[in-house]
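Enquirer: Sharing entry.cif below, mmCIF, C-alpha atoms, pLDDT in the B column; chains and numbers go by the auth columns:
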```cif
data_work
#
loop_
_atom_site.group_PDB
_atom_site.id
_atom_site.type_symbol
_atom_site.label_atom_id
_atom_site.label_comp_id
_atom_site.label_asym_id
_atom_site.label_seq_id
_atom_site.Cartn_x
_atom_site.Cartn_y
_atom_site.Cartn_z
_atom_site.B_iso_or_equiv
_atom_site.auth_seq_id
_atom_site.auth_asym_id
ATOM 1 C CA MET A 1 6.134 -39.446 18.677 96.00 1 W
ATOM 2 C CA ARG A 2 7.348 -35.910 19.406 96.00 2 W
ATOM 3 C CA ILE A 3 6.237 -32.418 18.503 97.00 3 W
ATOM 4 C CA VAL A 4 8.791 -30.411 16.511 96.00 4 W
ATOM 5 C CA GLU A 5 9.018 -26.902 15.085 97.00 5 W
ATOM 6 C CA LEU A 6 8.578 -26.768 11.306 96.00 6 W
ATOM 7 C CA ASN A 7 10.814 -24.678 9.103 97.00 7 W
ATOM 8 C CA GLU A 8 9.441 -22.759 6.119 97.00 8 W
ATOM 9 C CA LEU A 9 10.114 -25.570 3.622 97.00 9 W
ATOM 10 C CA GLU A 10 8.419 -28.152 5.857 97.00 10 W
ATOM 11 C CA THR A 11 5.445 -25.838 6.346 98.00 11 W
ATOM 12 C CA GLU A 12 5.101 -25.397 2.573 97.00 12 W
ATOM 13 C CA LYS A 13 5.191 -29.180 2.145 97.00 13 W
ATOM 14 C CA ILE A 14 2.358 -29.632 4.669 97.00 14 W
ATOM 15 C CA GLU A 15 0.326 -26.928 2.887 96.00 15 W
ATOM 16 C CA ASP A 16 1.015 -28.572 -0.493 96.00 16 W
ATOM 17 C CA ASN A 17 -0.130 -31.927 0.887 96.00 17 W
ATOM 18 C CA LEU A 18 -3.381 -30.378 2.138 94.00 18 W
ATOM 19 C CA SER A 19 -3.953 -28.707 -1.243 89.00 19 W
ATOM 20 C CA ALA A 20 -3.394 -32.016 -3.046 91.00 20 W
ATOM 21 C CA PHE A 21 -5.845 -33.738 -0.696 94.00 21 W
ATOM 22 C CA ASP A 22 -8.427 -30.976 -1.172 90.00 22 W
ATOM 23 C CA GLU A 23 -8.232 -31.308 -4.966 87.00 23 W
ATOM 24 C CA ASN A 24 -10.154 -34.586 -4.585 89.00 24 W
ATOM 25 C CA TYR A 25 -13.137 -32.678 -3.198 90.00 25 W
ATOM 26 C CA ILE A 26 -13.108 -29.227 -4.763 85.00 26 W
ATOM 27 C CA GLN A 27 -15.252 -29.605 -7.835 79.00 27 W
ATOM 28 C CA TYR A 28 -15.265 -26.012 -9.012 76.00 28 W
ATOM 29 C CA LYS A 29 -12.251 -23.769 -8.724 78.00 29 W
ATOM 30 C CA LEU A 30 -12.027 -20.070 -9.498 83.00 30 W
ATOM 31 C CA GLU A 31 -9.152 -17.680 -8.982 88.00 31 W
ATOM 32 C CA GLY A 32 -9.084 -13.968 -8.537 94.00 32 W
ATOM 33 C CA SER A 33 -9.373 -11.086 -6.147 97.00 33 W
ATOM 34 C CA ILE A 34 -11.189 -7.813 -5.699 98.00 34 W
ATOM 35 C CA ARG A 35 -9.235 -4.864 -4.341 98.00 35 W
ATOM 36 C CA ILE A 36 -11.167 -1.634 -4.568 98.00 36 W
ATOM 37 C CA GLY A 37 -11.104 1.728 -2.842 98.00 37 W
ATOM 38 C CA ILE A 38 -12.833 5.074 -2.799 98.00 38 W
ATOM 39 C CA GLU A 39 -10.816 8.185 -3.429 97.00 39 W
ATOM 40 C CA GLU A 40 -11.669 11.677 -2.216 96.00 40 W
ATOM 41 C CA ASP A 41 -9.446 14.650 -3.072 93.00 41 W
ATOM 42 C CA GLY A 42 -6.605 12.390 -4.203 95.00 42 W
ATOM 43 C CA LYS A 43 -6.642 10.293 -1.022 97.00 43 W
ATOM 44 C CA ILE A 44 -7.948 6.760 -0.460 98.00 44 W
ATOM 45 C CA VAL A 45 -10.565 7.062 2.293 98.00 45 W
ATOM 46 C CA ALA A 46 -12.108 3.588 2.093 98.00 46 W
ATOM 47 C CA GLY A 47 -11.045 0.207 0.805 98.00 47 W
ATOM 48 C CA LEU A 48 -11.861 -3.463 0.496 98.00 48 W
ATOM 49 C CA ASP A 49 -9.732 -6.549 -0.126 98.00 49 W
ATOM 50 C CA ALA A 50 -11.201 -9.961 -0.994 98.00 50 W
ATOM 51 C CA CYS A 51 -10.010 -13.117 -2.734 97.00 51 W
ATOM 52 C CA ILE A 52 -11.565 -16.244 -4.127 95.00 52 W
ATOM 53 C CA THR A 53 -10.724 -19.252 -1.976 90.00 53 W
ATOM 54 C CA ALA A 54 -12.216 -22.611 -3.011 85.00 54 W
ATOM 55 C CA PHE A 55 -15.277 -23.505 -5.023 88.00 55 W
ATOM 56 C CA ARG A 56 -16.992 -20.189 -5.840 93.00 56 W
ATOM 57 C CA ILE A 57 -16.382 -18.538 -2.477 95.00 57 W
ATOM 58 C CA LEU A 58 -15.111 -14.985 -2.092 97.00 58 W
ATOM 59 C CA TYR A 59 -13.497 -14.285 1.290 98.00 59 W
ATOM 60 C CA VAL A 60 -13.527 -10.637 2.350 98.00 60 W
ATOM 61 C CA SER A 61 -10.471 -10.046 4.511 97.00 61 W
ATOM 62 C CA THR A 62 -10.557 -6.262 4.880 97.00 62 W
ATOM 63 C CA VAL A 63 -13.145 -3.492 4.744 98.00 63 W
ATOM 64 C CA PHE A 64 -12.163 -0.106 6.137 97.00 64 W
ATOM 65 C CA VAL A 65 -13.594 3.411 5.964 97.00 65 W
ATOM 66 C CA GLU A 66 -11.751 6.392 7.463 97.00 66 W
ATOM 67 C CA GLU A 67 -13.628 7.724 10.482 95.00 67 W
ATOM 68 C CA ALA A 68 -14.591 11.066 8.885 96.00 68 W
ATOM 69 C CA TYR A 69 -16.325 9.187 6.037 96.00 69 W
ATOM 70 C CA ARG A 70 -18.255 6.613 8.061 95.00 70 W
ATOM 71 C CA ARG A 71 -22.070 6.471 7.968 94.00 71 W
ATOM 72 C CA LYS A 72 -22.093 8.282 4.624 96.00 72 W
ATOM 73 C CA GLY A 73 -22.572 5.266 2.333 96.00 73 W
ATOM 74 C CA TYR A 74 -18.918 4.571 1.523 97.00 74 W
ATOM 75 C CA GLY A 75 -18.904 1.078 3.039 97.00 75 W
ATOM 76 C CA ARG A 76 -22.213 0.191 1.420 97.00 76 W
ATOM 77 C CA LYS A 77 -20.898 1.395 -1.960 98.00 77 W
ATOM 78 C CA LEU A 78 -17.775 -0.772 -1.612 98.00 78 W
ATOM 79 C CA ILE A 79 -19.782 -3.862 -0.647 98.00 79 W
ATOM 80 C CA ARG A 80 -22.284 -3.428 -3.485 98.00 80 W
ATOM 81 C CA GLU A 81 -19.485 -2.942 -6.033 98.00 81 W
ATOM 82 C CA MET A 82 -17.701 -6.024 -4.674 98.00 82 W
ATOM 83 C CA GLU A 83 -20.899 -8.090 -4.940 98.00 83 W
ATOM 84 C CA GLU A 84 -21.417 -7.022 -8.563 98.00 84 W
ATOM 85 C CA ARG A 85 -17.827 -7.829 -9.502 98.00 85 W
ATOM 86 C CA ALA A 86 -17.971 -11.140 -7.637 97.00 86 W
ATOM 87 C CA ALA A 87 -21.115 -12.192 -9.512 97.00 87 W
ATOM 88 C CA LYS A 88 -19.441 -11.405 -12.838 96.00 88 W
ATOM 89 C CA MET A 89 -16.461 -13.540 -11.771 95.00 89 W
ATOM 90 C CA GLY A 90 -18.746 -16.526 -11.090 95.00 90 W
ATOM 91 C CA VAL A 91 -18.739 -16.293 -7.289 96.00 91 W
ATOM 92 C CA ASN A 92 -21.902 -17.549 -5.602 95.00 92 W
ATOM 93 C CA THR A 93 -20.987 -17.203 -1.918 97.00 93 W
ATOM 94 C CA ILE A 94 -19.326 -14.380 -0.006 98.00 94 W
ATOM 95 C CA ARG A 95 -17.948 -14.972 3.461 98.00 95 W
ATOM 96 C CA LEU A 96 -16.405 -12.660 6.024 98.00 96 W
ATOM 97 C CA ASP A 97 -15.873 -12.227 9.718 98.00 97 W
ATOM 98 C CA THR A 98 -15.965 -9.216 12.021 97.00 98 W
ATOM 99 C CA PHE A 99 -15.383 -8.413 15.674 97.00 99 W
ATOM 100 C CA SER A 100 -18.034 -6.969 17.991 94.00 100 W
ATOM 101 C CA TRP A 101 -16.656 -3.418 17.777 94.00 101 W
ATOM 102 C CA GLN A 102 -16.460 -3.462 13.979 95.00 102 W
ATOM 103 C CA GLY A 103 -19.329 -4.033 11.543 91.00 103 W
ATOM 104 C CA LYS A 104 -21.831 -6.626 12.784 95.00 104 W
ATOM 105 C CA GLU A 105 -24.930 -4.438 12.279 96.00 105 W
ATOM 106 C CA PHE A 106 -23.525 -3.062 9.010 97.00 106 W
ATOM 107 C CA TYR A 107 -23.262 -6.531 7.432 97.00 107 W
ATOM 108 C CA GLU A 108 -26.655 -7.598 8.758 97.00 108 W
ATOM 109 C CA ALA A 109 -28.219 -4.501 7.160 97.00 109 W
ATOM 110 C CA LEU A 110 -26.658 -5.516 3.826 97.00 110 W
ATOM 111 C CA GLY A 111 -28.261 -8.968 3.927 97.00 111 W
ATOM 112 C CA TYR A 112 -25.352 -10.991 5.307 98.00 112 W
ATOM 113 C CA GLU A 113 -26.354 -13.873 7.561 98.00 113 W
ATOM 114 C CA ILE A 114 -24.544 -14.803 10.769 98.00 114 W
ATOM 115 C CA VAL A 115 -23.572 -18.460 10.439 98.00 115 W
ATOM 116 C CA GLY A 116 -21.401 -18.646 13.536 98.00 116 W
ATOM 117 C CA GLN A 117 -20.122 -16.666 16.465 98.00 117 W
ATOM 118 C CA TYR A 118 -18.292 -16.944 19.741 98.00 118 W
ATOM 119 C CA GLU A 119 -17.644 -14.701 22.707 97.00 119 W
ATOM 120 C CA ASN A 120 -14.421 -14.319 24.621 97.00 120 W
ATOM 121 C CA GLU A 121 -15.463 -12.859 27.946 96.00 121 W
ATOM 122 C CA ALA A 122 -11.924 -12.812 29.337 97.00 122 W
ATOM 123 C CA ASP A 123 -10.807 -10.423 26.585 96.00 123 W
ATOM 124 C CA ALA A 124 -14.205 -8.691 26.178 95.00 124 W
ATOM 125 C CA TYR A 125 -14.939 -9.361 22.518 96.00 125 W
ATOM 126 C CA ALA A 126 -17.088 -11.446 20.226 97.00 126 W
ATOM 127 C CA GLU A 127 -16.433 -12.548 16.646 98.00 127 W
ATOM 128 C CA TYR A 128 -19.127 -13.101 14.029 98.00 128 W
ATOM 129 C CA PHE A 129 -18.945 -15.138 10.823 98.00 129 W
ATOM 130 C CA PHE A 130 -21.152 -14.105 7.911 98.00 130 W
ATOM 131 C CA LEU A 131 -22.291 -15.551 4.571 98.00 131 W
ATOM 132 C CA LYS A 132 -24.217 -14.132 1.684 98.00 132 W
ATOM 133 C CA ARG A 133 -25.271 -16.122 -1.349 98.00 133 W
ATOM 134 C CA ILE A 134 -25.310 -14.269 -4.641 94.00 134 W
ATOM 135 C CA ASN A 135 -26.266 -15.260 -8.227 78.00 135 W
#
```
Using C-alpha cells, write down the structure that the file contains.
Expert:
Amino acid sequence: MRIVELNELETEKIEDNLSAFDENYIQYKLEGSIRIGIEEDGKIVAGLDACITAFRILYVSTVFVEEAYRRKGYGRKLIREMEERAAKMGVNTIRLDTFSWQGKEFYEALGYEIVGQYENEADAYAEYFFLKRIN
C-alpha cells in the first residue's frame, strides 16, 4: 500500500463513487440554490449564497453585509427571505457555520441552534456549526 497524489479525473471518480454509495441512503433529494442580495443606490451592499445539499438540507455558505450597513437589519432581512424561499422549495433544515469573529450571536438571535463547535487556541479562533429546522 502507498499513498499517491490524485489527478483531477481520479478525484472525480472518487467523488462519483461516494455519490453512488450515498444514493443508497438519501431518501429525499432536492436541488436548487438561493442567491440573494440587497441593493442600495445601485450597489450590492449585502448578499447570501446557499445551496441544497442532500435530503432537504440547505447549506448557507456565505452571508456578508458591508460594514456601513451592519446592525441595520440587512442581515436579518436576508436570512428571513432565505428561510421563506427555502420553505417554498421544500427545505426543512438549514445549516451553516461561522467563525468566532463573524456572526455567532447574530445566528443565535435568529433562532439557529449550535450543534457543534471547536476552538483552536494556537490560531486564536473558534468555529460554530448551526442548524435551524423550518416547515
Enquirer: Pick the closest to Asp123 in chain W from W:Gly90, W:Phe106, W:Ser100, W:Asp22: which is it, counting all atoms listed in the file?
Expert: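 Checking each of W:Gly90, W:Phe106, W:Ser100, W:Asp22 against Asp123 in chain W, counting all atoms listed in the file, the winner is W:Ser100.
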Enquirer: Would you mind listing what lies within 8 Å of range 68-79 of chain W as an MDAnalysis selection string, with all atoms listed in the file counted and same-chain residues fewer than 5 positions away left out?
Expert: chainID W and resid 36:38 45:48 63 110
Enquirer: To one decimal place in Å, what is the distance between CA of Ile52 in chain W and CA of Glu66 in chain W?
Expert: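 It comes out at 25.4 Å.
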Enquirer: Applying the PyMOL selection byres ((chain W and resi 131) around 9) to the file I just gave you, which residues come out? Please list them as an NGL selection string.
Expert: :W and (93-97 or 111-115 or 129-130 or 132-133)
Enquirer: Determine the residue set returned by the PyMOL selection byres ((chain W and resi 86) around 10) for the present structure, and present it as a list of chain:residue names.
Expert: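 Written out, the selection comes to W:Gly32, W:Ser33, W:Ile34, W:Ala50, W:Cys51, W:Ile52, W:Arg56, W:Ile57, W:Leu58, W:Arg80, W:Glu81, W:Met82, W:Glu83, W:Glu84, W:Arg85, W:Ala87, W:Lys88, W:Met89, W:Gly90, W:Val91, W:Asn92, W:Thr93, W:Ile94, W:Ile134, W:Asn135.
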Enquirer: CA of Tyr25 in chain W and CA of Thr53 in chain W are how many Å apart?
Expert: 13.7 Å
Enquirer: Kindly provide, as a PyMOL selection string, the polymer residues lying within 6 Å of (-14.1, -11.3, 16.1), counting all atoms listed in the file and using the coordinates exactly as they appear in the file.
Expert: chain W and resi 98-99+126-128
Enquirer: If the box runs along x, y and z of the file and leaves 8 Å on each side of range 78-81 of chain W, what are its centre and edge lengths in Å, one decimal, as AutoDock Vina command-line options?
Expert:
```
--center_x -20.0 --center_y -2.3 --center_z -3.3 --size_x 20.5 --size_y 19.1 --size_z 21.4
```
Enquirer: Quick one: pull the distance between CA of Tyr59 in chain W and CA of Glu31 in chain W, Å, one decimal.
Expert: 11.7 Å
